[in-house]
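For reference, the structure discussed in these notes is given below.
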Amino acid sequence: MVLYQHHWNKAWRSNFGASYSRAELPERVSGDLTEQALSAHFNLLWSPFPHTTFGLEYLHAWRRIADGRDGDLHRVHFSTRFHF
């Protein structure tokens, strides 16, 4: 897992993260168990006022299970945070 945060200025910042995992599974396990997985995400956060943050994030993930099937996920996420 690798994570990085960059502050563009006082109001804008970004985060980047990536992870990878792999397991060597015995043949007798269920075919539904995860054998390999990887994910990466990037976001952009904007804090225009004190205690207020708006964010937009993109996530890509991929997984292969023990029986050889695989698939991927793409997600866009928007968030708003008001800190009291």
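Chain lettering (A, B, ...) mirrors the order of the structure tokens, residue numbering begins at 1 for each chain separately, and ligand numbering begins at 1 in order of display.
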List as a Markdown table every residue of segment 4-43 of chain A that is in contact with segment 69-81 of chain A, defined as an atom at most 12 Å from one of its atoms (using only C-alpha atoms), together with the nearest atom pair and the distance in Å rounded to one decimal, sorted by chain and then rising number.
| residue | atom | partner | partner_atom | distance |
| --- | --- | --- | --- | --- |
| A:Gly31 | CA | A:Arg69 | CA | 9.0 |
| A:Asp32 | CA | A:Arg69 | CA | 9.2 |
| A:Leu33 | CA | A:Arg69 | CA | 10.6 |
| A:Thr34 | CA | A:Asp70 | CA | 9.4 |
| A:Glu35 | CA | A:Asp70 | CA | 9.7 |
| A:Gln36 | CA | A:Asp70 | CA | 9.1 |
| A:Ala37 | CA | A:Asp70 | CA | 9.4 |
| A:Leu38 | CA | A:Asp72 | CA | 9.4 |
| A:Ser39 | CA | A:Leu73 | CA | 9.0 |
| A:Ala40 | CA | A:His74 | CA | 10.0 |
| A:His41 | CA | A:Arg75 | CA | 9.3 |
| A:Phe42 | CA | A:Val76 | CA | 9.9 |
| A:Asn43 | CA | A:His77 | CA | 8.9 |
What are the DSSP strand (DSSP E) residues of chain A, as number ranges by chain? A: 2-7, 12-22, 34-49, 52-65, 70-82
Find, counting only C-alpha atoms, the residue in A:Thr53, A:Trp62, A:Leu45, A:Ser30 that gets nearest to Asn15 of chain A. A:Leu45
With distances taken over only C-alpha atoms, which of A:Ala66, A:Ser14, A:Phe82, A:Trp8 is nearest to Glu27 of chain A?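 For Glu27 of chain A, the nearest of the given residues is A:Ala66.
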Using only C-alpha atoms, determine which residues lie at most 9 Å from Leu44 of chain A, disregarding the query and same-chain residues fewer than 3 positions distant; provide the list as a list in words.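 In the requested format, the answer is Trp12, Arg13, Ser14, Asn15, Phe54, Gly55, Leu56 and Glu57 of chain A.
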Export all heavy atoms of the chosen residues as a CSV table (one decimal), in the first residue's frame?
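Heads up, here's the output in selection_37.csv:
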chain,number,residue,atom,x,y,z
A,12,TRP,N,-6.9,23.8,-1.7
A,12,TRP,CA,-6.9,22.6,-2.5
A,12,TRP,C,-5.9,21.6,-2.1
A,12,TRP,O,-4.7,21.9,-1.8
A,12,TRP,CB,-6.7,22.9,-4.0
A,12,TRP,CG,-7.8,23.8,-4.6
A,12,TRP,CD1,-7.8,25.1,-4.6
A,12,TRP,CD2,-8.9,23.3,-5.3
A,12,TRP,NE1,-9.0,25.5,-5.3
A,12,TRP,CE2,-9.7,24.4,-5.7
A,12,TRP,CE3,-9.4,22.0,-5.6
A,12,TRP,CZ2,-10.8,24.3,-6.4
A,12,TRP,CZ3,-10.6,21.9,-6.3
A,12,TRP,CH2,-11.3,23.0,-6.7
A,13,ARG,N,-6.3,20.3,-2.1
A,13,ARG,CA,-5.3,19.2,-1.8
A,13,ARG,C,-5.8,18.0,-2.5
A,13,ARG,O,-7.0,17.9,-2.9
A,13,ARG,CB,-5.1,19.0,-0.3
A,13,ARG,CG,-6.3,18.4,0.4
A,13,ARG,CD,-6.1,18.3,1.9
A,13,ARG,NE,-7.2,17.7,2.6
A,13,ARG,CZ,-8.3,18.3,3.0
A,13,ARG,NH1,-8.4,19.6,2.7
A,13,ARG,NH2,-9.2,17.7,3.6
A,14,SER,N,-4.9,17.1,-2.8
A,14,SER,CA,-5.2,15.8,-3.4
A,14,SER,C,-4.5,14.6,-2.7
A,14,SER,O,-3.5,14.8,-2.0
A,14,SER,CB,-4.6,15.8,-4.8
A,14,SER,OG,-5.2,16.7,-5.6
A,15,ASN,N,-5.1,13.5,-2.8
A,15,ASN,CA,-4.6,12.3,-2.2
A,15,ASN,C,-4.6,11.2,-3.3
A,15,ASN,O,-5.4,11.1,-4.2
A,15,ASN,CB,-5.5,11.7,-1.1
A,15,ASN,CG,-5.6,12.7,0.1
A,15,ASN,OD1,-4.6,12.9,0.8
A,15,ASN,ND2,-6.7,13.3,0.2
A,54,PHE,N,-15.3,20.0,0.2
A,54,PHE,CA,-16.0,19.3,-0.9
A,54,PHE,C,-14.9,18.4,-1.6
A,54,PHE,O,-13.8,18.8,-1.7
A,54,PHE,CB,-16.6,20.3,-1.9
A,54,PHE,CG,-17.5,21.3,-1.4
A,54,PHE,CD1,-17.2,22.6,-1.0
A,54,PHE,CD2,-18.9,20.9,-1.2
A,54,PHE,CE1,-18.1,23.5,-0.5
A,54,PHE,CE2,-19.8,21.8,-0.6
A,54,PHE,CZ,-19.4,23.0,-0.3
A,55,GLY,N,-15.3,17.2,-1.9
A,55,GLY,CA,-14.4,16.3,-2.5
A,55,GLY,C,-14.9,15.5,-3.7
A,55,GLY,O,-16.1,15.3,-3.8
A,56,LEU,N,-14.1,15.2,-4.6
A,56,LEU,CA,-14.4,14.3,-5.7
A,56,LEU,C,-13.3,13.3,-5.8
A,56,LEU,O,-12.1,13.6,-5.8
A,56,LEU,CB,-14.5,15.2,-7.0
A,56,LEU,CG,-14.9,14.4,-8.3
A,56,LEU,CD1,-16.3,14.0,-8.2
A,56,LEU,CD2,-14.7,15.4,-9.5
A,57,GLU,N,-13.7,12.0,-6.0
A,57,GLU,CA,-12.7,10.9,-6.0
A,57,GLU,C,-13.1,9.9,-7.1
A,57,GLU,O,-14.2,9.6,-7.3
A,57,GLU,CB,-12.7,10.2,-4.6
A,57,GLU,CG,-11.8,9.0,-4.6
A,57,GLU,CD,-11.7,8.4,-3.2
A,57,GLU,OE1,-12.7,7.7,-2.8
A,57,GLU,OE2,-10.7,8.7,-2.5
Near-Ala11 of chain A list (10 Å; only C-alpha atoms; drop same-chain fewer than 6 positions) as a ChimeraX atom specification: /A:45-50,53
